[in-house]
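One file, upload_13.txt, carrying compact mmCIF, C-alpha atoms:
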```txt
# COMPACT_ATOMS: atom_id res chain seq x y z
CA MET A 229 -13.34 -7.74 -1.77
CA LYS A 230 -10.97 -9.36 -4.26
CA TYR A 231 -7.98 -7.63 -2.62
CA LEU A 232 -9.15 -8.66 0.85
CA LYS A 233 -9.68 -12.31 -0.15
CA GLY A 234 -6.18 -12.35 -1.67
CA LEU A 235 -4.74 -10.82 1.48
CA LEU A 236 -6.50 -13.38 3.69
CA ASP A 237 -5.19 -16.20 1.49
CA GLN A 238 -1.69 -14.78 1.84
CA ILE A 239 -1.97 -14.54 5.62
CA GLY A 240 -3.21 -18.12 5.80
CA ILE A 241 -6.73 -17.36 7.03
CA GLY A 242 -8.32 -18.11 3.68
CA GLY A 243 -10.41 -15.82 1.50
CA ALA A 244 -13.42 -18.15 1.78
CA ARG A 245 -14.02 -16.87 5.32
CA ILE A 246 -15.32 -13.56 4.03
CA GLU A 247 -18.16 -13.02 1.60
CA MET A 248 -20.21 -10.16 0.27
CA PHE A 249 -24.01 -10.42 -0.01
CA TYR A 250 -26.35 -8.06 -1.80
CA MET A 251 -29.94 -7.61 -0.65
CA SER A 252 -32.59 -4.97 -0.23
CA SER A 253 -34.30 -3.97 3.00
CA ALA A 254 -37.33 -6.07 2.02
CA MET A 255 -35.34 -9.30 1.81
CA GLY A 256 -35.51 -10.78 5.32
CA GLY A 257 -35.48 -14.27 3.84
CA ALA A 258 -32.34 -13.57 1.86
CA PHE A 259 -30.56 -12.42 5.01
CA ALA A 260 -31.51 -15.63 6.84
CA GLU A 261 -30.37 -17.69 3.83
CA ALA A 262 -27.05 -15.87 3.67
CA VAL A 263 -26.40 -16.41 7.38
CA THR A 264 -27.26 -20.12 7.06
CA MET A 265 -25.03 -20.54 4.01
CA MET A 266 -22.10 -18.76 5.65
CA THR A 267 -22.50 -20.63 8.96
CA GLU A 268 -22.36 -23.94 7.10
CA ARG A 269 -19.36 -22.88 5.02
CA VAL A 270 -17.32 -21.67 7.99
CA ARG A 271 -18.34 -24.70 10.05
CA LYS A 272 -16.75 -26.87 7.35
CA LEU A 273 -13.63 -24.67 7.29
CA GLY A 274 -13.24 -25.06 11.04
CA PRO A 275 -12.07 -22.50 13.59
CA ASN A 276 -10.10 -19.41 12.66
CA PRO A 277 -6.42 -20.51 12.66
CA VAL A 278 -5.39 -17.27 14.36
CA SER A 279 -7.36 -17.95 17.54
CA LYS A 280 -5.73 -21.30 18.26
CA MET B 15 6.75 12.73 -5.13
CA ILE B 16 8.69 9.60 -4.36
CA VAL B 17 6.70 6.57 -5.52
CA ALA B 18 7.23 3.22 -3.81
CA GLU B 19 5.61 -0.18 -3.76
CA GLN B 20 5.28 -2.69 -0.94
CA LYS B 21 7.53 -5.72 -1.17
CA PRO B 22 5.78 -9.10 -1.58
CA PHE B 23 4.26 -10.35 1.68
CA GLU B 24 6.38 -13.52 1.72
CA GLU B 25 9.59 -11.52 1.33
CA ILE B 26 8.67 -9.26 4.26
CA LYS B 27 7.73 -12.30 6.34
CA ALA B 28 11.13 -13.88 5.61
CA LYS B 29 12.93 -10.67 6.55
CA ILE B 30 11.35 -10.54 10.01
CA ALA B 31 11.46 -14.31 10.61
CA LYS B 32 14.22 -14.23 13.24
CA ALA B 33 12.93 -11.28 15.25
CA ASN B 34 10.54 -11.47 18.19
CA LYS B 35 9.64 -7.83 18.70
CA VAL B 36 9.10 -5.84 15.54
CA LEU B 37 8.18 -2.18 15.15
CA VAL B 38 6.56 -1.32 11.83
CA VAL B 39 7.34 2.33 11.09
CA GLY B 40 5.29 4.15 8.48
CA CYS B 41 5.90 7.52 6.90
CA GLY B 42 3.26 10.20 6.54
CA THR B 43 4.63 11.91 3.44
CA CYS B 44 5.26 10.56 -0.09
CA VAL B 45 4.60 6.88 0.59
CA THR B 46 1.30 7.75 2.29
CA VAL B 47 0.11 9.51 -0.84
CA CYS B 48 1.10 6.58 -3.07
CA PHE B 49 -0.61 4.09 -0.70
CA ALA B 50 2.54 2.13 0.07
CA GLY B 51 3.66 2.97 3.60
CA GLY B 52 1.23 5.29 5.37
CA GLU B 53 -0.63 4.74 8.62
CA LYS B 54 -3.23 2.56 6.92
CA GLU B 55 -0.73 0.33 5.10
CA VAL B 56 1.21 0.00 8.36
CA GLY B 57 -1.99 -1.13 10.11
CA ILE B 58 -2.84 -3.68 7.42
CA LEU B 59 0.70 -5.06 7.19
CA ALA B 60 1.22 -5.26 10.96
CA SER B 61 -2.13 -7.00 11.49
CA SER B 62 -1.46 -9.40 8.58
CA LEU B 63 2.00 -10.23 9.92
CA ARG B 64 0.70 -10.77 13.46
CA MET B 65 -1.86 -13.27 12.16
CA ALA B 66 0.41 -14.94 9.59
CA THR B 67 3.25 -15.50 12.07
CA LYS B 68 0.77 -16.84 14.63
CA ILE B 69 -0.66 -19.29 12.09
CA ASP B 70 2.90 -20.40 11.28
CA GLY B 71 3.36 -21.19 14.98
CA ASN B 72 5.88 -18.42 15.50
CA PRO B 73 3.92 -15.54 17.06
CA LYS B 74 5.65 -12.18 17.37
CA GLN B 75 4.95 -8.88 19.00
CA ILE B 76 4.42 -6.53 16.08
CA ASP B 77 3.67 -2.89 16.93
CA GLU B 78 2.85 0.05 14.71
CA VAL B 79 3.84 3.67 14.54
CA THR B 80 3.75 6.24 11.75
CA VAL B 81 5.90 9.35 11.83
CA GLN B 82 5.16 12.45 9.79
CA ARG B 83 8.44 12.14 7.85
CA GLN B 84 11.02 9.40 8.24
CA CYS B 85 13.67 11.48 6.48
CA GLU B 86 14.06 14.19 9.13
CA TRP B 87 15.74 13.81 12.51
CA GLU B 88 13.10 15.91 14.29
CA TYR B 89 10.29 13.57 13.29
CA LEU B 90 12.35 10.46 14.01
CA ASP B 91 12.98 11.81 17.52
CA THR B 92 9.30 11.15 18.29
CA ILE B 93 10.05 7.40 18.37
CA LYS B 94 13.48 7.53 20.02
CA ASP B 95 12.16 6.29 23.39
CA ARG B 96 10.41 3.29 21.87
CA ILE B 97 12.87 2.08 19.29
CA GLY B 98 15.24 0.44 21.80
CA GLU B 99 12.49 -1.99 22.89
CA TYR B 100 12.42 -3.75 19.54
CA ASP B 101 14.91 -6.16 18.04
CA LEU B 102 13.86 -5.27 14.50
CA VAL B 103 12.47 -2.18 12.80
CA LEU B 104 10.47 -2.73 9.61
CA SER B 105 10.45 0.57 7.79
CA LEU B 106 7.65 1.37 5.35
CA GLY B 107 9.46 4.52 4.27
CA CYS B 108 11.31 5.08 1.03
CA GLY B 109 15.01 4.25 0.81
CA ILE B 110 15.78 7.59 2.41
CA GLY B 111 13.56 6.82 5.39
CA VAL B 112 15.16 3.42 5.94
CA GLN B 113 18.63 4.96 5.89
CA ALA B 114 17.60 7.86 8.11
CA ILE B 115 16.39 5.41 10.77
CA ALA B 116 19.60 3.38 10.45
CA GLU B 117 21.72 6.52 10.77
CA HIS B 118 19.72 8.15 13.57
CA PHE B 119 19.42 4.99 15.65
CA PRO B 120 22.75 3.16 15.11
CA GLU B 121 21.79 0.30 17.48
CA ALA B 122 18.53 -0.45 15.64
CA ARG B 123 18.37 -3.18 13.00
CA VAL B 124 16.29 -1.83 10.12
CA VAL B 125 14.82 -3.76 7.21
CA PRO B 126 12.97 -2.18 4.27
CA GLY B 127 9.35 -3.13 3.61
CA LEU B 128 9.07 -1.14 0.39
CA ASN B 129 10.81 -0.98 -2.94
CA THR B 130 11.40 2.67 -3.74
CA SER B 131 10.53 2.95 -7.41
CA PHE B 132 10.83 6.43 -8.93
CA LEU B 133 9.93 10.11 -8.84
CA GLY B 134 6.55 10.39 -10.43
CA LEU B 135 2.89 11.21 -10.22
CA PRO B 136 -0.47 9.39 -10.30
CA VAL B 137 -1.77 9.58 -13.89
CA GLU B 138 -5.06 7.99 -12.87
CA GLN B 139 -6.45 6.31 -9.77
CA GLY B 140 -4.01 3.53 -8.88
CA VAL B 141 -1.51 4.18 -11.69
CA TRP B 142 1.80 6.01 -11.20
CA GLU B 143 4.31 7.02 -13.85
CA GLU B 144 7.88 8.24 -13.72
CA ARG B 145 8.34 11.91 -14.54
CA CYS B 146 11.73 13.04 -13.21
CA ALA B 147 15.14 11.39 -13.17
CA ALA B 148 16.69 13.98 -10.81
CA CYS B 149 19.48 14.65 -13.32
CA GLY B 150 20.27 17.93 -11.58
CA ASN B 151 20.28 19.99 -14.78
CA CYS B 152 16.71 20.73 -15.88
CA ILE B 153 15.95 21.30 -19.57
CA LEU B 154 12.15 21.20 -19.48
CA ASP B 155 11.97 24.68 -21.01
CA LEU B 156 13.44 23.29 -24.25
CA THR B 157 11.17 20.29 -24.50
CA GLY B 158 7.71 21.69 -23.92
CA GLY B 159 7.57 20.56 -20.30
CA ILE B 160 8.07 16.90 -21.16
CA CYS B 161 11.22 15.32 -19.80
CA PRO B 162 13.15 13.20 -22.32
CA ILE B 163 15.62 12.09 -19.62
CA ALA B 164 12.95 10.43 -17.49
CA ARG B 165 10.37 9.54 -20.11
CA CYS B 166 12.45 8.46 -23.13
CA SER B 167 13.68 4.89 -22.65
CA LYS B 168 17.10 5.94 -23.95
CA SER B 169 17.13 9.39 -22.30
CA LEU B 170 17.83 10.83 -25.75
CA LEU B 171 18.34 14.56 -26.15
CA ASN B 172 17.73 14.48 -29.90
CA GLY B 173 14.84 12.12 -30.51
CA PRO B 174 12.70 10.53 -31.61
CA CYS B 175 14.76 7.50 -32.56
CA GLY B 176 13.89 4.72 -35.00
CA GLY B 177 12.15 2.81 -32.25
CA SER B 178 9.23 5.22 -32.21
CA HIS B 179 6.12 3.79 -33.90
CA ASP B 180 2.80 5.64 -34.00
CA GLY B 181 3.87 7.64 -30.98
CA LYS B 182 4.72 4.55 -28.97
CA CYS B 183 8.14 3.43 -27.78
CA GLU B 184 9.49 0.12 -29.05
CA ILE B 185 9.70 -1.25 -25.50
CA SER B 186 5.87 -1.24 -25.36
CA THR B 187 4.20 -4.59 -24.80
CA PRO B 188 0.51 -5.45 -25.14
CA ASP B 189 0.23 -5.08 -21.34
CA ARG B 190 2.18 -1.89 -21.05
CA VAL B 191 2.12 0.89 -23.59
CA VAL B 192 4.97 3.39 -23.27
CA GLU B 193 4.47 6.74 -24.98
CA CYS B 194 7.41 7.98 -27.04
CA ALA B 195 8.50 11.06 -25.08
CA TRP B 196 10.02 12.64 -28.19
CA ASP B 197 6.82 12.13 -30.15
CA LEU B 198 5.00 13.95 -27.33
CA ILE B 199 7.61 16.72 -27.35
CA VAL B 200 7.49 17.24 -31.12
CA LYS B 201 3.68 17.29 -31.16
CA LYS B 202 3.54 19.71 -28.26
CA LEU B 203 6.04 22.12 -29.80
CA MET B 204 4.31 21.84 -33.17
CA ALA B 205 0.96 22.75 -31.61
CA ARG B 206 2.57 25.77 -30.00
CA GLY B 207 4.38 26.78 -33.19
CA GLU B 208 7.71 26.41 -31.43
CA LEU B 209 9.15 23.55 -33.43
CA ASP B 210 12.10 25.70 -34.51
CA LYS B 211 13.24 25.55 -30.88
CA LEU B 212 14.55 22.09 -31.66
CA LEU B 213 16.79 23.48 -34.39
CA GLU B 214 18.84 25.49 -31.94
CA ILE B 215 22.14 23.80 -31.28
CA GLN B 216 22.43 22.90 -27.63
CA PRO B 217 25.76 22.33 -25.94
CA ALA B 218 26.33 18.80 -24.70
CA LYS B 219 24.44 18.16 -21.48
CA ASN B 220 26.53 18.23 -18.36
CA TRP B 221 25.86 14.90 -16.68
CA GLN B 222 28.10 15.67 -13.72
CA THR B 223 25.06 16.91 -11.83
CA SER B 224 23.44 13.53 -12.35
CA ARG B 225 24.61 10.27 -10.79
CA ASP B 226 27.68 10.35 -13.03
CA GLY B 227 29.24 12.83 -10.66
CA GLY B 228 28.90 10.52 -7.66
CA PRO B 229 26.61 11.07 -4.65
CA ARG B 230 25.22 14.57 -4.70
CA ARG B 231 25.02 17.20 -2.03
CA ILE B 232 23.56 20.67 -1.69
CA ALA B 233 24.96 23.01 0.95
CA ARG B 234 23.39 26.45 1.27
CA GLU B 235 25.22 28.92 3.42
CA ASP B 236 22.17 31.18 3.60
CA LEU B 237 20.33 28.41 5.42
CA MET B 238 23.13 26.89 7.43
CA LEU B 239 23.47 27.86 11.08
CA ALA B 240 26.34 30.23 11.70
CA LYS B 241 29.45 28.52 13.03
CA GLU B 242 30.50 29.89 16.43
CA MET C 264 -20.21 -36.06 16.28
CA THR C 265 -23.24 -35.13 18.32
CA PRO C 266 -24.96 -31.83 17.69
CA HIS C 267 -23.68 -30.63 21.06
CA ASP C 268 -19.96 -30.75 20.39
CA ARG C 269 -19.96 -29.70 16.75
CA PHE C 270 -18.00 -26.54 15.94
CA GLU C 271 -20.12 -23.42 16.23
CA PRO C 272 -18.44 -20.65 14.21
CA GLN C 273 -18.51 -17.05 15.34
CA LEU C 274 -19.60 -14.92 12.42
CA LEU C 275 -19.56 -11.18 12.12
CA ALA C 276 -21.96 -9.45 9.73
CA PHE C 277 -21.14 -5.92 8.63
CA CYS C 278 -24.50 -4.59 7.50
CA CYS C 279 -25.54 -1.50 5.63
CA ASN C 280 -27.99 0.56 7.69
CA PHE C 281 -30.42 0.85 4.81
CA CYS C 282 -30.36 -2.58 3.19
CA ALA C 283 -29.10 -5.63 5.03
CA TYR C 284 -29.57 -4.24 8.54
CA ALA C 285 -33.20 -3.55 7.70
CA ALA C 286 -33.40 -6.99 6.08
CA ALA C 287 -32.06 -8.57 9.27
CA ASP C 288 -34.61 -6.56 11.22
CA LEU C 289 -37.36 -7.82 8.91
CA ALA C 290 -36.12 -11.40 9.24
CA GLY C 291 -36.53 -11.00 13.00
CA ALA C 292 -39.90 -9.28 12.77
CA SER C 293 -41.26 -11.95 10.42
CA ARG C 294 -39.83 -14.69 12.68
CA ILE C 295 -37.66 -16.26 10.00
CA GLN C 296 -35.28 -18.76 11.59
CA TYR C 297 -31.56 -18.31 11.04
CA PRO C 298 -28.47 -19.61 12.87
CA PRO C 299 -27.56 -17.77 16.08
CA ASN C 300 -23.86 -17.73 15.18
CA VAL C 301 -23.91 -14.26 13.71
CA ARG C 302 -23.28 -10.91 15.40
CA VAL C 303 -24.46 -7.91 13.45
CA VAL C 304 -22.40 -4.74 13.21
CA LEU C 305 -24.21 -1.73 11.81
CA LEU C 306 -22.42 0.42 9.26
CA PRO C 307 -23.90 3.58 7.75
CA CYS C 308 -23.10 1.98 4.37
CA THR C 309 -20.98 -1.03 3.37
CA GLY C 310 -18.74 1.52 1.67
CA LYS C 311 -17.61 2.35 5.22
CA LEU C 312 -16.09 -1.12 5.54
CA ASP C 313 -12.32 -0.93 5.79
CA VAL C 314 -9.79 -3.70 5.23
CA LEU C 315 -8.61 -2.99 8.77
CA TYR C 316 -12.09 -3.75 10.22
CA ALA C 317 -12.01 -7.19 8.64
CA LEU C 318 -8.42 -7.87 9.73
CA LYS C 319 -9.18 -6.72 13.27
CA ALA C 320 -12.18 -9.02 13.40
CA PHE C 321 -10.11 -12.02 12.32
CA GLU C 322 -7.32 -11.03 14.69
CA SER C 323 -9.83 -10.93 17.53
CA GLY C 324 -10.95 -14.45 16.71
CA ALA C 325 -13.90 -14.20 14.32
CA ASP C 326 -14.24 -17.38 12.23
CA GLY C 327 -16.01 -15.74 9.31
CA ILE C 328 -17.21 -12.38 8.09
CA MET C 329 -20.28 -11.42 6.08
CA VAL C 330 -20.50 -8.09 4.35
CA ALA C 331 -24.11 -7.40 3.49
CA GLY C 332 -25.50 -4.44 1.66
```
Structure rendered as structure tokens:
Amino acid sequence: MKYLKGLLDQIGIGGARIEMFYMSSAMGGAFAEAVTMMTERVRKLGPNPVSK
Amino acid sequence: MIVAEQKPFEEIKAKIAKANKVLVVGCGTCVTVCFAGGEKEVGILASSLRMATKIDGNPKQIDEVTVQRQCEWEYLDTIKDRIGEYDLVLSLGCGIGVQAIAEHFPEARVVPGLNTSFLGLPVEQGVWEERCAACGNCILDLTGGICPIARCSKSLLNGPCGGSHDGKCEISTPDRVVECAWDLIVKKLMARGELDKLLEIQPAKNWQTSRDGGPRRIAREDLMLAKE
Amino acid sequence: MTPHDRFEPQLLAFCCNFCAYAAADLAGASRIQYPPNVRVVLLPCTGKLDVLYALKAFESGADGIMVAG
């Protein structure tokens, strides 16, 4: 993950666009929270610069 | 094996800056095993370069191919039909691979993507160390299988020198500990009861077989094809 | 900015079959609300994730990636 974030920073995509989450199969709420958090974060970052 | 390391991303980016069509050529032998220029590294580098150059507003066509061995004409022939389509070839082979491509395809412009480092082996996951200096005149039988040419900082043949402290070479830093090769040799021979081996007077080493004799060449008539 | 023209990111979630994929399944079954921006990709284990998968996703236009296990 650390290597990948560094690589994405180098490319210019930004390591913040990828994140690792840990949860068990019984944590439906945690999954929803993670998706919400990530959606908000990436919304702030804006579109992927590669797809412009 | 030959151990190499990928050049910094920015340096590679600068090297391909003027080209529009780039072929990234990997090698399936030594540099695959040391995770520097195999099929996977080619894929990661090509994808990264495609995205990075696009973000910089200078998109390029960057294609990938990995040959089994860049240092043999037969394997290079597998890309001979494609190579003409590209205005730059980025080789992820060792220095031999880069030169083989340049020699086999004289029209191609080749740039190296790796720094070829040394002849060595992985001592643990992710760590490689130099083991052979290719001096062309092996003396490992005298030194308990530990090479003082490659592993002693001074390539001494009669060590250890005064720079050896607690088995460590004086070039050691807190980040990088270098074992004293002669300390290793003496301990190994002592354990085997062969320390007296070191008392035998050896004739001066012939360095002509090393780089001192200029570029080296081996020609074996038993293997060469008969001349008509 | 009205809610209609705000940027909707495309997220990709690489999920472990046994943890996060099941968690996502549970989130659905228990009707927990979460943003519809995410597409779930099932992996047998997050250990199967490869750097190339992530790069390919970004190259194909994904705005963000979640790795969940």
Original post:
For chain C, which residues have at least one atom within 8 Å of chain A, if we go by all atoms listed in the file? Write them as a PyMOL selection string, please.
Top reply: chain C and resi 270-272+274+281-291+293+295-298+300-301+314+321-332
Go ahead and save the picked residues with C-alpha atoms, as a short mmCIF file (atom, residue, chain, number, x, y, z; two decimals), keeping the file's coordinate frame.
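The result, stored in result.cif:
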```
data_model
loop_
_atom_site.label_atom_id
_atom_site.label_comp_id
_atom_site.auth_asym_id
_atom_site.auth_seq_id
_atom_site.Cartn_x
_atom_site.Cartn_y
_atom_site.Cartn_z
CA PHE C 270 -18.00 -26.54 15.94
CA GLU C 271 -20.12 -23.42 16.23
CA PRO C 272 -18.44 -20.65 14.21
CA LEU C 274 -19.60 -14.92 12.42
CA PHE C 281 -30.42 0.85 4.81
CA CYS C 282 -30.36 -2.58 3.19
CA ALA C 283 -29.10 -5.63 5.03
CA TYR C 284 -29.57 -4.24 8.54
CA ALA C 285 -33.20 -3.55 7.70
CA ALA C 286 -33.40 -6.99 6.08
CA ALA C 287 -32.06 -8.57 9.27
CA ASP C 288 -34.61 -6.56 11.22
CA LEU C 289 -37.36 -7.82 8.91
CA ALA C 290 -36.12 -11.40 9.24
CA GLY C 291 -36.53 -11.00 13.00
CA SER C 293 -41.26 -11.95 10.42
CA ILE C 295 -37.66 -16.26 10.00
CA GLN C 296 -35.28 -18.76 11.59
CA TYR C 297 -31.56 -18.31 11.04
CA PRO C 298 -28.47 -19.61 12.87
CA ASN C 300 -23.86 -17.73 15.18
CA VAL C 301 -23.91 -14.26 13.71
CA VAL C 314 -9.79 -3.70 5.23
CA PHE C 321 -10.11 -12.02 12.32
CA GLU C 322 -7.32 -11.03 14.69
CA SER C 323 -9.83 -10.93 17.53
CA GLY C 324 -10.95 -14.45 16.71
CA ALA C 325 -13.90 -14.20 14.32
CA ASP C 326 -14.24 -17.38 12.23
CA GLY C 327 -16.01 -15.74 9.31
CA ILE C 328 -17.21 -12.38 8.09
CA MET C 329 -20.28 -11.42 6.08
CA VAL C 330 -20.50 -8.09 4.35
CA ALA C 331 -24.11 -7.40 3.49
CA GLY C 332 -25.50 -4.44 1.66
#
```
**OP:** Determine which residues of chain B sit within 12 Å of chain C, taking into account all atoms listed in the file, and present them as JSON, numbers by chain.
**Re:** {"B": [53, 54, 55, 56, 57, 58, 59, 60, 61, 62, 63, 64, 65, 66, 67, 68, 69]}
Subject >> For segment 215-223 of chain B: contacts at 7 Å, all atoms listed in the file, fewer than 2 positions along chain excluded, given as number ranges by chain >> reply: B: 149-151, 213, 225-227
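Taking atom CA of Cys146 of chain B as the reference point, atom CA of Val38 of chain B is found at 29.3 Å.
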Original post:
What is the distance between atom CA of Cys152 of chain B and atom CA of Lys182 of chain B, in Å to one decimal?
Top reply: 24.0 Å
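Of the listed residues (B:Gly127, B:Gly140, B:Gly71, B:Gly176), B:Gly71 comes nearest to chain A; the distances count all atoms listed in the file.
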